[in-house]
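**Student:** Dropping in protein.cif, with mmCIF, C-alpha atoms and all ligand atoms.
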```
data_my_file
#
loop_
_atom_site.label_atom_id
_atom_site.label_comp_id
_atom_site.auth_asym_id
_atom_site.auth_seq_id
_atom_site.Cartn_x
_atom_site.Cartn_y
_atom_site.Cartn_z
CA MET A 24 0.00 0.00 0.00
CA ASN A 25 1.31 3.50 -0.79
CA ALA A 26 2.18 5.70 2.17
CA ILE A 27 -0.10 8.72 2.79
CA THR A 28 1.81 11.95 2.18
CA ARG A 29 1.63 15.02 4.41
CA GLN A 30 -0.28 16.86 1.66
CA GLU A 31 -2.83 14.04 1.48
CA THR A 32 -3.34 14.13 5.24
CA ALA A 33 -3.78 17.93 5.13
CA ALA A 34 -6.25 17.55 2.22
CA LEU A 35 -8.57 15.47 4.40
CA ASP A 36 -9.33 18.63 6.46
CA VAL A 37 -10.50 20.56 3.37
CA PRO A 38 -14.29 20.45 2.84
CA LEU A 39 -15.71 18.64 -0.17
CA VAL A 40 -17.43 20.58 -2.96
CA SER A 41 -19.95 19.15 -5.43
CA PHE A 42 -19.60 19.82 -9.11
CA ASN A 43 -20.58 18.27 -12.41
CA LEU A 44 -18.14 16.26 -14.52
CA ASN A 45 -19.30 15.10 -17.95
CA GLY A 46 -22.93 15.22 -16.81
CA ARG A 47 -22.30 13.36 -13.54
CA ASP A 48 -22.38 14.90 -10.04
CA VAL A 49 -19.07 14.31 -8.29
CA THR A 50 -17.21 15.71 -5.31
CA GLY A 51 -13.71 17.09 -4.97
CA ARG A 52 -11.60 19.35 -2.78
CA SER A 53 -10.10 22.73 -3.51
CA THR A 54 -6.68 21.18 -2.83
CA GLU A 55 -6.97 18.85 -5.82
CA THR A 56 -7.15 19.60 -9.50
CA LEU A 57 -9.89 18.75 -11.98
CA LEU A 58 -7.45 16.30 -13.54
CA GLN A 59 -6.98 14.47 -10.23
CA VAL A 60 -10.73 14.29 -9.54
CA ALA A 61 -11.36 13.06 -13.10
CA LYS A 62 -8.74 10.36 -12.69
CA ARG A 63 -10.31 9.22 -9.43
CA GLU A 64 -13.70 9.12 -11.16
CA GLY A 65 -12.34 6.98 -13.99
CA VAL A 66 -12.39 9.82 -16.58
CA GLU A 67 -9.20 9.93 -18.64
CA ILE A 68 -7.85 13.32 -19.76
CA PRO A 69 -4.59 13.44 -21.75
CA HIS A 70 -1.77 15.06 -19.80
CA LEU A 71 1.97 15.37 -20.35
CA CYS A 72 3.54 18.16 -18.29
CA TYR A 73 1.53 17.12 -15.23
CA MET A 74 3.11 14.47 -13.05
CA GLU A 75 1.91 13.33 -9.65
CA GLY A 76 4.24 14.71 -6.97
CA LEU A 77 5.55 17.62 -9.08
CA GLU A 78 4.22 21.17 -9.04
CA ALA A 79 1.64 21.70 -11.84
CA VAL A 80 2.84 24.23 -14.42
CA GLY A 81 0.27 23.85 -17.20
CA ASN A 82 2.61 24.28 -20.14
CA CYS A 83 1.72 21.43 -22.52
CA ARG A 84 -2.01 22.21 -22.89
CA ALA A 85 -2.85 18.55 -23.55
CA CYS A 86 -5.37 18.48 -20.71
CA MET A 87 -7.75 21.24 -21.86
CA VAL A 88 -11.39 20.95 -20.76
CA GLU A 89 -14.50 23.05 -21.18
CA ILE A 90 -15.95 24.81 -18.14
CA ASN A 91 -19.51 26.05 -18.46
CA GLY A 92 -19.66 29.87 -18.62
CA GLU A 93 -15.97 30.34 -19.42
CA ARG A 94 -14.92 31.81 -22.77
CA VAL A 95 -11.75 29.77 -23.18
CA LEU A 96 -10.79 26.18 -22.45
CA ALA A 97 -8.98 25.54 -19.15
CA PRO A 98 -6.01 23.30 -18.32
CA SER A 99 -7.49 20.69 -15.98
CA CYS A 100 -4.12 20.10 -14.29
CA CYS A 101 -4.13 23.66 -12.93
CA ARG A 102 -7.81 24.26 -12.10
CA VAL A 103 -9.53 23.21 -8.90
CA PRO A 104 -13.22 22.38 -8.53
CA THR A 105 -15.65 24.94 -7.14
CA ALA A 106 -19.22 24.31 -5.99
CA GLY A 107 -21.65 24.02 -8.91
CA MET A 108 -18.93 24.08 -11.62
CA LYS A 109 -19.83 22.22 -14.83
CA VAL A 110 -16.83 20.59 -16.48
CA VAL A 111 -16.82 18.72 -19.78
CA THR A 112 -13.70 16.81 -20.75
CA ASN A 113 -15.01 15.17 -23.92
CA SER A 114 -16.88 17.95 -25.75
CA GLU A 115 -16.08 18.40 -29.44
CA ARG A 116 -14.14 21.59 -28.68
CA ALA A 117 -12.13 20.12 -25.80
CA VAL A 118 -11.23 16.97 -27.73
CA ALA A 119 -10.27 18.99 -30.84
CA SER A 120 -7.86 21.00 -28.70
CA GLN A 121 -6.40 17.92 -26.98
CA LYS A 122 -5.92 16.26 -30.37
CA MET A 123 -4.25 19.30 -31.92
CA VAL A 124 -1.70 19.46 -29.09
CA LEU A 125 -0.97 15.75 -29.41
CA GLU A 126 -0.68 15.96 -33.20
CA LEU A 127 1.77 18.88 -33.01
CA LEU A 128 3.90 17.12 -30.44
CA LEU A 129 3.73 13.85 -32.34
CA SER A 130 5.05 15.55 -35.48
CA ASP A 131 8.22 16.40 -33.55
CA MET A 132 8.83 12.88 -32.26
CA PRO A 133 11.86 11.16 -33.84
CA GLU A 134 11.67 7.82 -35.66
CA THR A 135 13.77 6.13 -32.98
CA ASP A 136 12.09 4.96 -29.79
CA TYR A 137 14.00 6.00 -26.69
CA THR A 138 11.56 4.47 -24.24
CA ARG A 139 9.06 1.64 -24.23
CA HIS A 140 6.41 4.03 -22.87
CA ASN A 141 6.40 7.27 -24.81
CA GLU A 142 3.48 9.16 -23.27
CA VAL A 143 2.95 11.27 -26.41
CA ASP A 144 2.47 8.09 -28.45
CA ASP A 145 0.31 6.54 -25.73
CA TRP A 146 -2.08 9.51 -25.48
CA ALA A 147 -2.16 10.02 -29.26
CA GLY A 148 -3.19 6.37 -29.64
CA LYS A 149 -5.83 6.63 -26.92
CA ILE A 150 -7.60 9.69 -28.35
CA GLY A 151 -7.22 8.64 -31.97
CA VAL A 152 -4.58 10.99 -33.38
CA GLY A 153 -3.26 9.52 -36.62
CA LYS A 154 -0.19 10.39 -38.68
CA PRO A 155 0.62 14.06 -38.03
CA ARG A 156 0.05 16.56 -40.85
CA PHE A 157 2.86 18.88 -39.77
CA GLU A 158 6.54 18.99 -40.57
CA ALA A 159 9.00 17.96 -37.87
CA ARG A 160 11.20 20.64 -36.32
CA LYS A 161 14.93 20.57 -36.97
CA GLN A 162 16.65 17.69 -35.19
CA VAL A 163 19.04 18.14 -32.31
CA ARG A 164 22.21 16.12 -31.79
CA GLN A 165 22.39 13.48 -29.03
CA ASP A 166 24.49 14.27 -25.96
CA LEU A 167 26.20 11.08 -24.81
CA SER A 168 28.72 12.78 -22.54
CA HIS A 169 27.22 11.37 -19.33
CA PRO A 170 28.12 7.81 -18.29
CA ALA A 171 24.65 6.98 -16.95
CA ILE A 172 22.18 9.16 -18.87
CA ALA A 173 21.70 9.70 -22.61
CA VAL A 174 20.22 13.04 -23.69
CA ASN A 175 18.02 12.86 -26.81
CA LEU A 176 16.52 16.32 -27.07
CA ASP A 177 15.02 15.45 -30.46
CA ALA A 178 12.32 13.74 -28.38
CA CYS A 179 11.95 16.59 -25.89
CA ILE A 180 8.53 18.25 -25.62
CA GLN A 181 9.76 20.87 -23.13
CA CYS A 182 7.28 19.76 -20.52
CA THR A 183 9.88 20.63 -17.81
CA ARG A 184 9.12 17.54 -15.74
CA CYS A 185 12.88 16.88 -15.63
CA LEU A 186 13.57 20.44 -14.52
CA ARG A 187 11.05 20.24 -11.68
CA ALA A 188 12.28 16.77 -10.66
CA CYS A 189 15.88 18.03 -10.53
CA ARG A 190 15.13 21.36 -8.86
CA ASP A 191 12.16 20.62 -6.59
CA GLU A 192 12.43 16.91 -5.81
CA GLN A 193 16.18 16.40 -5.65
CA VAL A 194 17.06 20.08 -4.98
CA ASN A 195 19.99 19.89 -7.40
CA ASP A 196 18.87 22.61 -9.86
CA VAL A 197 21.11 21.44 -12.69
CA ILE A 198 18.45 21.57 -15.41
CA GLY A 199 16.99 24.73 -16.93
CA LEU A 200 14.85 25.75 -19.91
CA ALA A 201 16.90 28.30 -21.84
CA PHE A 202 16.64 30.45 -24.97
CA ARG A 203 13.44 31.65 -26.65
CA GLY A 204 11.01 30.68 -29.39
CA ASP A 205 12.06 27.72 -31.49
CA GLU A 206 15.56 27.99 -29.98
CA ALA A 207 14.16 27.10 -26.53
CA LYS A 208 15.69 23.95 -25.10
CA ILE A 209 16.52 22.04 -21.96
CA VAL A 210 20.04 22.84 -20.73
CA PHE A 211 22.35 21.54 -18.01
CA ASP A 212 23.97 24.33 -15.98
CA MET A 213 25.20 26.93 -18.51
CA ASP A 214 24.27 24.79 -21.55
CA ASP A 215 27.12 22.40 -20.72
CA PRO A 216 27.27 18.80 -21.96
CA MET A 217 25.43 16.78 -19.32
CA GLY A 218 28.59 14.84 -18.45
CA ALA A 219 30.45 18.09 -17.71
CA SER A 220 27.63 19.61 -15.65
CA THR A 221 27.11 19.48 -11.88
CA CYS A 222 24.65 16.59 -12.31
CA VAL A 223 24.92 14.04 -9.50
CA ALA A 224 23.41 11.26 -11.66
CA CYS A 225 20.43 10.56 -9.41
CA GLY A 226 18.35 9.82 -12.54
CA GLU A 227 15.24 11.53 -11.17
CA CYS A 228 14.97 13.46 -14.45
CA VAL A 229 15.07 10.20 -16.41
CA GLN A 230 12.30 8.77 -14.29
CA ALA A 231 10.22 11.91 -14.85
CA CYS A 232 10.74 12.25 -18.61
CA PRO A 233 7.64 11.19 -20.58
CA THR A 234 9.33 10.62 -23.95
CA GLY A 235 12.77 9.11 -23.33
CA ALA A 236 14.47 12.41 -24.21
CA LEU A 237 16.40 11.62 -21.03
CA MET A 238 17.03 7.90 -20.82
CA PRO A 239 19.45 5.49 -19.16
CA ALA A 240 22.66 5.30 -21.21
CA ARG A 241 22.36 1.49 -21.21
CA GLU A 242 20.19 0.23 -24.03
CA ALA A 243 19.05 -2.48 -21.61
CA ALA A 244 16.38 -0.01 -20.50
CA LEU A 245 14.56 -0.70 -23.80
CA VAL A 246 14.47 -4.47 -23.27
CA VAL A 247 11.22 -5.94 -21.95
CA PRO A 248 11.90 -7.40 -18.49
CA ASP A 249 10.59 -10.87 -17.75
CA LYS A 250 10.10 -10.12 -14.08
CA GLN A 251 10.00 -7.22 -11.67
CA VAL A 252 11.37 -7.69 -8.18
CA GLU A 253 10.31 -5.27 -5.46
CA SER A 254 13.19 -4.67 -3.10
CA VAL A 255 15.02 -2.20 -0.87
CA CYS A 256 18.20 -0.40 -1.91
CA PRO A 257 21.15 -2.39 -0.54
CA TYR A 258 23.46 0.60 0.05
CA CYS A 259 22.88 3.03 2.93
CA GLY A 260 20.40 2.76 5.82
CA VAL A 261 17.75 5.17 4.45
CA GLY A 262 15.78 2.23 3.09
CA CYS A 263 14.67 3.55 -0.32
CA GLN A 264 12.27 1.17 -1.99
CA LEU A 265 12.92 0.20 -5.58
CA THR A 266 11.97 -2.23 -8.32
CA TYR A 267 14.54 -4.35 -10.13
CA ASN A 268 13.60 -5.05 -13.75
CA VAL A 269 15.12 -8.42 -14.54
CA LYS A 270 15.59 -10.52 -17.67
CA ASP A 271 17.30 -13.90 -17.79
CA ASN A 272 18.25 -13.39 -14.14
CA LYS A 273 20.15 -10.17 -14.94
CA ILE A 274 19.14 -6.73 -13.71
CA LEU A 275 18.32 -4.50 -16.69
CA PHE A 276 17.40 -1.28 -14.91
CA VAL A 277 16.06 0.01 -11.62
CA GLU A 278 13.04 2.18 -10.87
CA GLY A 279 12.22 4.03 -7.67
CA ARG A 280 9.17 2.71 -5.80
CA ASP A 281 6.89 4.67 -3.49
CA GLY A 282 8.14 4.03 0.05
CA PRO A 283 8.02 6.10 3.25
CA ALA A 284 11.69 7.09 2.97
CA ASN A 285 11.92 7.91 -0.72
CA HIS A 286 8.50 8.39 -2.35
CA GLY A 287 9.85 6.96 -5.59
CA ARG A 288 13.18 8.83 -5.56
CA LEU A 289 16.62 7.23 -5.68
CA CYS A 290 20.22 8.42 -5.67
CA VAL A 291 22.94 7.38 -8.10
CA LYS A 292 23.83 4.22 -6.14
CA GLY A 293 20.33 2.81 -5.89
CA ARG A 294 19.46 3.63 -9.49
CA TYR A 295 22.64 2.78 -11.37
CA GLY A 296 24.90 0.91 -8.96
CA PHE A 297 23.72 -2.65 -9.52
CA ASP A 298 26.61 -4.10 -11.57
CA TYR A 299 28.10 -5.68 -8.46
CA ALA A 300 25.25 -8.20 -8.32
CA HIS A 301 26.58 -9.89 -11.48
CA HIS A 302 30.28 -9.26 -10.90
CA PRO A 303 32.38 -12.46 -11.01
CA HIS A 304 34.21 -11.35 -7.84
CA ARG A 305 30.99 -11.20 -5.84
CA LEU A 306 30.98 -13.69 -2.96
CA THR A 307 27.83 -15.77 -2.96
CA LYS A 308 28.82 -18.54 -0.53
CA PRO A 309 30.53 -18.42 2.88
CA LEU A 310 34.31 -18.93 2.70
CA ILE A 311 36.79 -19.97 5.40
CA ARG A 312 40.54 -19.46 5.13
CA ARG A 313 42.36 -22.62 4.16
CA ALA A 314 44.60 -24.20 6.78
CA ASP A 315 47.46 -24.31 4.22
CA ALA A 316 47.21 -20.54 3.47
CA PRO A 317 47.93 -18.86 6.82
CA LYS A 318 48.04 -15.06 7.16
CA ASN A 319 51.35 -13.31 6.93
CA GLY A 320 52.51 -9.69 6.69
CA GLU A 321 53.04 -9.70 2.89
CA PHE A 322 49.70 -11.26 2.14
CA THR A 323 48.06 -10.37 -1.19
CA MET A 324 45.18 -12.11 -2.86
CA ASP A 325 44.25 -12.27 -6.52
CA PRO A 326 40.48 -11.62 -6.54
CA ASP A 327 40.19 -13.92 -9.59
CA HIS A 328 41.63 -16.79 -7.52
CA VAL A 329 40.16 -16.48 -4.03
CA MET A 330 40.04 -20.26 -3.72
CA ASP A 331 43.87 -20.26 -3.48
CA VAL A 332 43.32 -18.83 -0.01
CA PHE A 333 39.79 -19.84 0.97
CA ARG A 334 37.58 -22.89 0.84
CA GLU A 335 33.79 -23.07 0.62
CA ALA A 336 31.88 -23.70 3.83
CA SER A 337 28.25 -24.13 4.82
CA TRP A 338 26.53 -21.25 6.66
CA GLU A 339 26.41 -23.42 9.81
CA GLU A 340 30.16 -24.07 9.72
CA ALA A 341 31.03 -20.44 8.90
CA LEU A 342 28.79 -19.00 11.64
CA ALA A 343 30.04 -21.51 14.22
CA PHE A 344 33.64 -20.70 13.21
CA ALA A 345 33.18 -16.92 13.44
CA GLY A 346 31.15 -17.22 16.66
CA GLY A 347 33.82 -19.46 18.22
CA LYS A 348 36.55 -16.95 17.40
CA LEU A 349 34.51 -14.05 18.86
CA LYS A 350 33.87 -16.11 22.00
CA GLY A 351 37.59 -16.75 22.32
CA VAL A 352 38.29 -13.01 22.07
CA SER A 353 35.67 -12.07 24.69
CA VAL A 354 36.81 -14.78 27.16
CA GLY A 355 40.41 -13.59 26.87
CA MET A 356 39.45 -9.92 27.30
CA LYS A 357 40.58 -8.20 30.51
CA TYR A 358 39.01 -4.97 31.77
CA THR A 359 41.10 -2.49 33.68
CA PHE A 360 39.70 0.63 35.36
S1 LIG B 1 20.40 13.04 -12.80
FE1 LIG B 1 19.66 14.13 -10.98
S2 LIG B 1 21.11 15.83 -10.71
FE2 LIG B 1 21.43 15.02 -12.78
S3 LIG B 1 20.17 16.36 -14.04
FE3 LIG B 1 18.92 14.54 -13.54
S4 LIG B 1 17.78 15.10 -11.69
FE4 LIG B 1 19.42 16.61 -11.95
S1 LIG B 2 13.82 16.21 -21.38
FE1 LIG B 2 11.94 14.99 -21.03
S2 LIG B 2 11.17 15.71 -19.04
FE2 LIG B 2 12.66 17.23 -19.75
S3 LIG B 2 11.43 18.76 -20.78
FE3 LIG B 2 12.13 17.31 -22.34
S4 LIG B 2 10.47 15.80 -22.51
FE4 LIG B 2 10.13 16.94 -20.60
S1 LIG B 3 -0.96 18.40 -18.33
FE1 LIG B 3 -2.14 20.20 -18.10
S2 LIG B 3 -1.12 21.67 -19.26
FE2 LIG B 3 0.18 19.91 -19.38
#
```
Written as structure tokens, how would this file's structure read?
Ligand code: SF4
Ligand code: SF4
Ligand code: FES
**Tutor:**
Amino acid sequence: MNAITRQETAALDVPLVSFNLNGRDVTGRSTETLLQVAKREGVEIPHLCYMEGLEAVGNCRACMVEINGERVLAPSCCRVPTAGMKVVTNSERAVASQKMVLELLLSDMPETDYTRHNEVDDWAGKIGVGKPRFEARKQVRQDLSHPAIAVNLDACIQCTRCLRACRDEQVNDVIGLAFRGDEAKIVFDMDDPMGASTCVACGECVQACPTGALMPAREAALVVPDKQVESVCPYCGVGCQLTYNVKDNKILFVEGRDGPANHGRLCVKGRYGFDYAHHPHRLTKPLIRRADAPKNGEFTMDPDHVMDVFREASWEEALAFAGGKLKGVSVGMKYTF
């Protein structure tokens, strides 16, 4: 079960208001958006720049809805319900607007897939947007300067989810939206290559990106996993929850999972530091030093040949051996005051 956030707890104190959604009376709170209420009520509205947990900025305009009495359409990710409001998400006008946004964005999508779940493609498919009628914008070169993250701005829709994830969630503030008009683009620090920027490689931007414009540098992230293993990060004691995506018993990539300590976020170690699990030097069975390889001052060990020095043991033997040695130390210990 997902943990209840502080905001959710606070929201419970806010009174409910009744309003009309697609001809149905529903209730919502002034702390939630029309998009959130619609989702809860099973009404799907396309959305791209909106992401649960990030501040709503309303810049993609994919989520436009019609509100009775208002001259223009409204972005449902930024509007809250008020008593008696009449909202229509599927009117001819609202759908035409949603489709136009999706078609324009779709026309800019590159041929190459950078993710298995491109949200522009997904929404375009859901609301029936076919082959776009518009020309693609000029393509941007890939930035492969970062060891963990590939930057494919040809697939960027400038939704700024990455920027908000970096600035507001991780408080790193590496990413910005710079320049103007059709020169506008996502930049790292002062438009540096990502690998030369102050990025700490937490990958939060990758997790937030809806199109794969920011993706893991390993192509393994495009492979379909055959199982997902819910686990806890093995590094520090914070206890971030994560999901290992596994194929043929090998970890392909890691995703943050909603847990009380991390709410889906991870740092560089949890997200990218999983090679050790498959490293040939990794110890998977208990070992005990061989009687014919005693310790001496010049001792070195070749990690490719640990069995020159150790032998395999059962857990029972290894624990009894270690416990016996500790007991010997404590019995021989003398306290002086
Ligand atoms: S990996 Fe982390 S620090 Fe680097 S740009 Fe993305 S969110 Fe910011
Ligand atoms: S890189 Fe991805 S998350 Fe960032 S603005 Fe572009 S599409 Fe949005
Ligand atoms: S999802 Fe509402 S404007 Fe982008």
**Student:** Nearest to A:Pro98: which of A:Leu265, A:Met123, A:Leu58, A:Met132 is it, counting all atoms listed in the file?
**Tutor:**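 With all atoms listed in the file as the atom set, the closest residue is A:Leu58.
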**Student:** With distances taken over only C-alpha atoms and all ligand atoms, which residue among A:Ser41, A:Asn272, A:Thr221, A:Thr138 lies nearest ligand LIG 1 (chain B)?
**Tutor:**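 Using only C-alpha atoms and all ligand atoms, ligand LIG 1 (chain B) sits closest to A:Thr221.
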**Student:** Which centre and which edge lengths, in Å to one decimal, describe the axis-aligned box that holds all listed atoms of ligand LIG 3 (chain B) after 6 Å is added on each side, as lines of an AutoDock Vina configuration file?
**Tutor:**
```
center_x = -1.0
center_y = 20.0
center_z = -18.7
size_x = 14.3
size_y = 15.3
size_z = 13.3
```
**Student:** Excluding A:Gly262 and residues on its chain fewer than 5 positions from it, collect all residues at most 10 Å away from it, counting only C-alpha atoms, and give them as number ranges by chain.
**Tutor:** A: 254-257, 282-285
**Student:** Find the residues around A:Arg52 up to 6 Å (all atoms listed in the file counted), leave out those fewer than 2 positions away in its own chain, and share them as a PDB file with C-alpha atoms, in the coordinates of the input.
**Tutor:**
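Below is the file that was written, result_32.pdb:
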```pdb
ATOM      1  CA  LEU A  39     -15.710  18.640  -0.170  1.00  0.00           C
ATOM      2  CA  VAL A  40     -17.430  20.580  -2.960  1.00  0.00           C
ATOM      3  CA  THR A  54      -6.680  21.180  -2.830  1.00  0.00           C
ATOM      4  CA  GLU A  55      -6.970  18.850  -5.820  1.00  0.00           C
TER       5      GLU A  55
END
```
**Student:** Within 8 Å of ligand LIG 1 (chain B), which residues show up when you count all atoms listed in the file? List them as JSON, numbers by chain, please.
**Tutor:** {"A": [172, 185, 186, 188, 189, 190, 193, 195, 196, 197, 198, 211, 217, 221, 222, 223, 224, 225, 226, 227, 228, 229, 290, 291]}
**Student:** Using only C-alpha atoms and all ligand atoms, which protein or nucleic acid residues are at most 9 Å from ligand LIG 2 (chain B), as a PDB file with C-alpha atoms, keeping the file's coordinate frame?
**Tutor:**
```pdb
ATOM      1  CA  LEU A  71       1.970  15.370 -20.350  1.00  0.00           C
ATOM      2  CA  CYS A  72       3.540  18.160 -18.290  1.00  0.00           C
ATOM      3  CA  VAL A 174      20.220  13.040 -23.690  1.00  0.00           C
ATOM      4  CA  ASN A 175      18.020  12.860 -26.810  1.00  0.00           C
ATOM      5  CA  LEU A 176      16.520  16.320 -27.070  1.00  0.00           C
ATOM      6  CA  ASP A 177      15.020  15.450 -30.460  1.00  0.00           C
ATOM      7  CA  ALA A 178      12.320  13.740 -28.380  1.00  0.00           C
ATOM      8  CA  CYS A 179      11.950  16.590 -25.890  1.00  0.00           C
ATOM      9  CA  ILE A 180       8.530  18.250 -25.620  1.00  0.00           C
ATOM     10  CA  GLN A 181       9.760  20.870 -23.130  1.00  0.00           C
ATOM     11  CA  CYS A 182       7.280  19.760 -20.520  1.00  0.00           C
ATOM     12  CA  THR A 183       9.880  20.630 -17.810  1.00  0.00           C
ATOM     13  CA  ARG A 184       9.120  17.540 -15.740  1.00  0.00           C
ATOM     14  CA  CYS A 185      12.880  16.880 -15.630  1.00  0.00           C
ATOM     15  CA  LEU A 186      13.570  20.440 -14.520  1.00  0.00           C
ATOM     16  CA  ARG A 187      11.050  20.240 -11.680  1.00  0.00           C
ATOM     17  CA  ALA A 188      12.280  16.770 -10.660  1.00  0.00           C
ATOM     18  CA  ILE A 198      18.450  21.570 -15.410  1.00  0.00           C
ATOM     19  CA  LEU A 200      14.850  25.750 -19.910  1.00  0.00           C
ATOM     20  CA  LYS A 208      15.690  23.950 -25.100  1.00  0.00           C
ATOM     21  CA  ILE A 209      16.520  22.040 -21.960  1.00  0.00           C
ATOM     22  CA  CYS A 228      14.970  13.460 -14.450  1.00  0.00           C
ATOM     23  CA  VAL A 229      15.070  10.200 -16.410  1.00  0.00           C
ATOM     24  CA  GLN A 230      12.300   8.770 -14.290  1.00  0.00           C
ATOM     25  CA  ALA A 231      10.220  11.910 -14.850  1.00  0.00           C
ATOM     26  CA  CYS A 232      10.740  12.250 -18.610  1.00  0.00           C
ATOM     27  CA  PRO A 233       7.640  11.190 -20.580  1.00  0.00           C
ATOM     28  CA  THR A 234       9.330  10.620 -23.950  1.00  0.00           C
ATOM     29  CA  GLY A 235      12.770   9.110 -23.330  1.00  0.00           C
ATOM     30  CA  ALA A 236      14.470  12.410 -24.210  1.00  0.00           C
ATOM     31  CA  LEU A 237      16.400  11.620 -21.030  1.00  0.00           C
ATOM     32  CA  MET A 238      17.030   7.900 -20.820  1.00  0.00           C
TER      33      MET A 238
END
```
**Student:** What is the distance between atom CA of A:Met108 and atom CA of A:Glu64, in Å to one decimal?
**Tutor:**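 We find that atom CA of A:Met108 and atom CA of A:Glu64 lie 15.9 Å from each other.
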**Student:** What does the structure give for the distance between atom CA of A:Glu339 and atom CA of A:Lys308, in Å to one decimal?
**Tutor:** 11.7 Å
**Student:** Between A:Lys62, A:Lys149, A:Arg288, A:His70, single out the one closest to ligand LIG 3 (chain B), counting all atoms listed in the file.
**Tutor:**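 Smallest separation from ligand LIG 3 (chain B) among the options: A:His70.
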**Student:** Where does chain A meet ligand LIG 3 (chain B) within 7 Å, residue by residue, with the nearest atom pair and distance in Å to one decimal for each, counting all atoms listed in the file, listed by chain and rising number, as a tab-separated table?
**Tutor:**
```
residue	atom	partner	partner_atom	distance
A:His70	CA	B:LIG3	S1	3.7
A:Leu71	CA	B:LIG3	S1	4.7
A:Cys72	CA	B:LIG3	FE2	3.9
A:Tyr73	CA	B:LIG3	S1	4.2
A:Val80	CA	B:LIG3	S2	6.8
A:Gly81	CA	B:LIG3	S2	3.3
A:Asn82	CA	B:LIG3	S2	4.6
A:Cys83	CA	B:LIG3	FE2	3.8
A:Arg84	CA	B:LIG3	S2	3.8
A:Ala85	CA	B:LIG3	FE2	5.3
A:Cys86	CA	B:LIG3	FE1	4.5
A:Met87	CA	B:LIG3	FE1	6.8
A:Pro98	CA	B:LIG3	FE1	5.0
A:Ser99	CA	B:LIG3	FE1	5.8
A:Cys100	CA	B:LIG3	FE1	4.3
A:Cys101	CA	B:LIG3	FE1	6.5
```
**Student:** Grab the atom CA of A:Ser353 to atom CA of A:Ala314 distance for me, in Å with one decimal place.
**Tutor:** 23.4 Å
**Student:** Generate the coordinates of all heavy atoms for stretch 317-321 of chain A; report them as a PDB file, keeping the file's coordinate frame.
**Tutor:**
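Dumped to selection38.pdb:
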```pdb
ATOM      1  N   PRO A 317      48.011 -19.729   5.627  1.00  0.00           N
ATOM      2  CA  PRO A 317      47.930 -18.860   6.820  1.00  0.00           C
ATOM      3  C   PRO A 317      48.245 -17.400   6.493  1.00  0.00           C
ATOM      4  O   PRO A 317      48.886 -17.121   5.488  1.00  0.00           O
ATOM      5  CB  PRO A 317      48.976 -19.465   7.759  1.00  0.00           C
ATOM      6  CG  PRO A 317      49.928 -20.184   6.871  1.00  0.00           C
ATOM      7  CD  PRO A 317      49.175 -20.625   5.660  1.00  0.00           C
ATOM      8  N   LYS A 318      47.780 -16.491   7.359  1.00  0.00           N
ATOM      9  CA  LYS A 318      48.040 -15.060   7.160  1.00  0.00           C
ATOM     10  C   LYS A 318      49.505 -14.760   7.381  1.00  0.00           C
ATOM     11  O   LYS A 318      50.134 -15.377   8.247  1.00  0.00           O
ATOM     12  CB  LYS A 318      47.246 -14.240   8.182  1.00  0.00           C
ATOM     13  CG  LYS A 318      45.811 -14.087   7.851  1.00  0.00           C
ATOM     14  CD  LYS A 318      45.165 -13.133   8.845  1.00  0.00           C
ATOM     15  CE  LYS A 318      43.680 -13.128   8.610  1.00  0.00           C
ATOM     16  NZ  LYS A 318      42.957 -12.397   9.617  1.00  0.00           N
ATOM     17  N   ASN A 319      50.038 -13.834   6.605  1.00  0.00           N
ATOM     18  CA  ASN A 319      51.350 -13.310   6.930  1.00  0.00           C
ATOM     19  C   ASN A 319      51.399 -11.846   6.507  1.00  0.00           C
ATOM     20  O   ASN A 319      50.496 -11.361   5.806  1.00  0.00           O
ATOM     21  CB  ASN A 319      52.472 -14.133   6.262  1.00  0.00           C
ATOM     22  CG  ASN A 319      52.414 -14.043   4.754  1.00  0.00           C
ATOM     23  OD1 ASN A 319      52.418 -12.959   4.199  1.00  0.00           O
ATOM     24  ND2 ASN A 319      52.358 -15.203   4.090  1.00  0.00           N
ATOM     25  N   GLY A 320      52.423 -11.141   6.887  1.00  0.00           N
ATOM     26  CA  GLY A 320      52.510  -9.690   6.690  1.00  0.00           C
ATOM     27  C   GLY A 320      52.475  -9.269   5.233  1.00  0.00           C
ATOM     28  O   GLY A 320      51.989  -8.184   4.909  1.00  0.00           O
ATOM     29  N   GLU A 321      52.992 -10.091   4.315  1.00  0.00           N
ATOM     30  CA  GLU A 321      53.040  -9.700   2.890  1.00  0.00           C
ATOM     31  C   GLU A 321      51.860 -10.260   2.102  1.00  0.00           C
ATOM     32  O   GLU A 321      51.894 -10.352   0.884  1.00  0.00           O
ATOM     33  CB  GLU A 321      54.315 -10.244   2.228  1.00  0.00           C
ATOM     34  CG  GLU A 321      55.494  -9.306   2.362  1.00  0.00           C
ATOM     35  CD  GLU A 321      56.552  -9.918   3.251  1.00  0.00           C
ATOM     36  OE1 GLU A 321      56.983 -11.029   2.912  1.00  0.00           O
ATOM     37  OE2 GLU A 321      56.877  -9.297   4.283  1.00  0.00           O
TER      38      GLU A 321
END
```
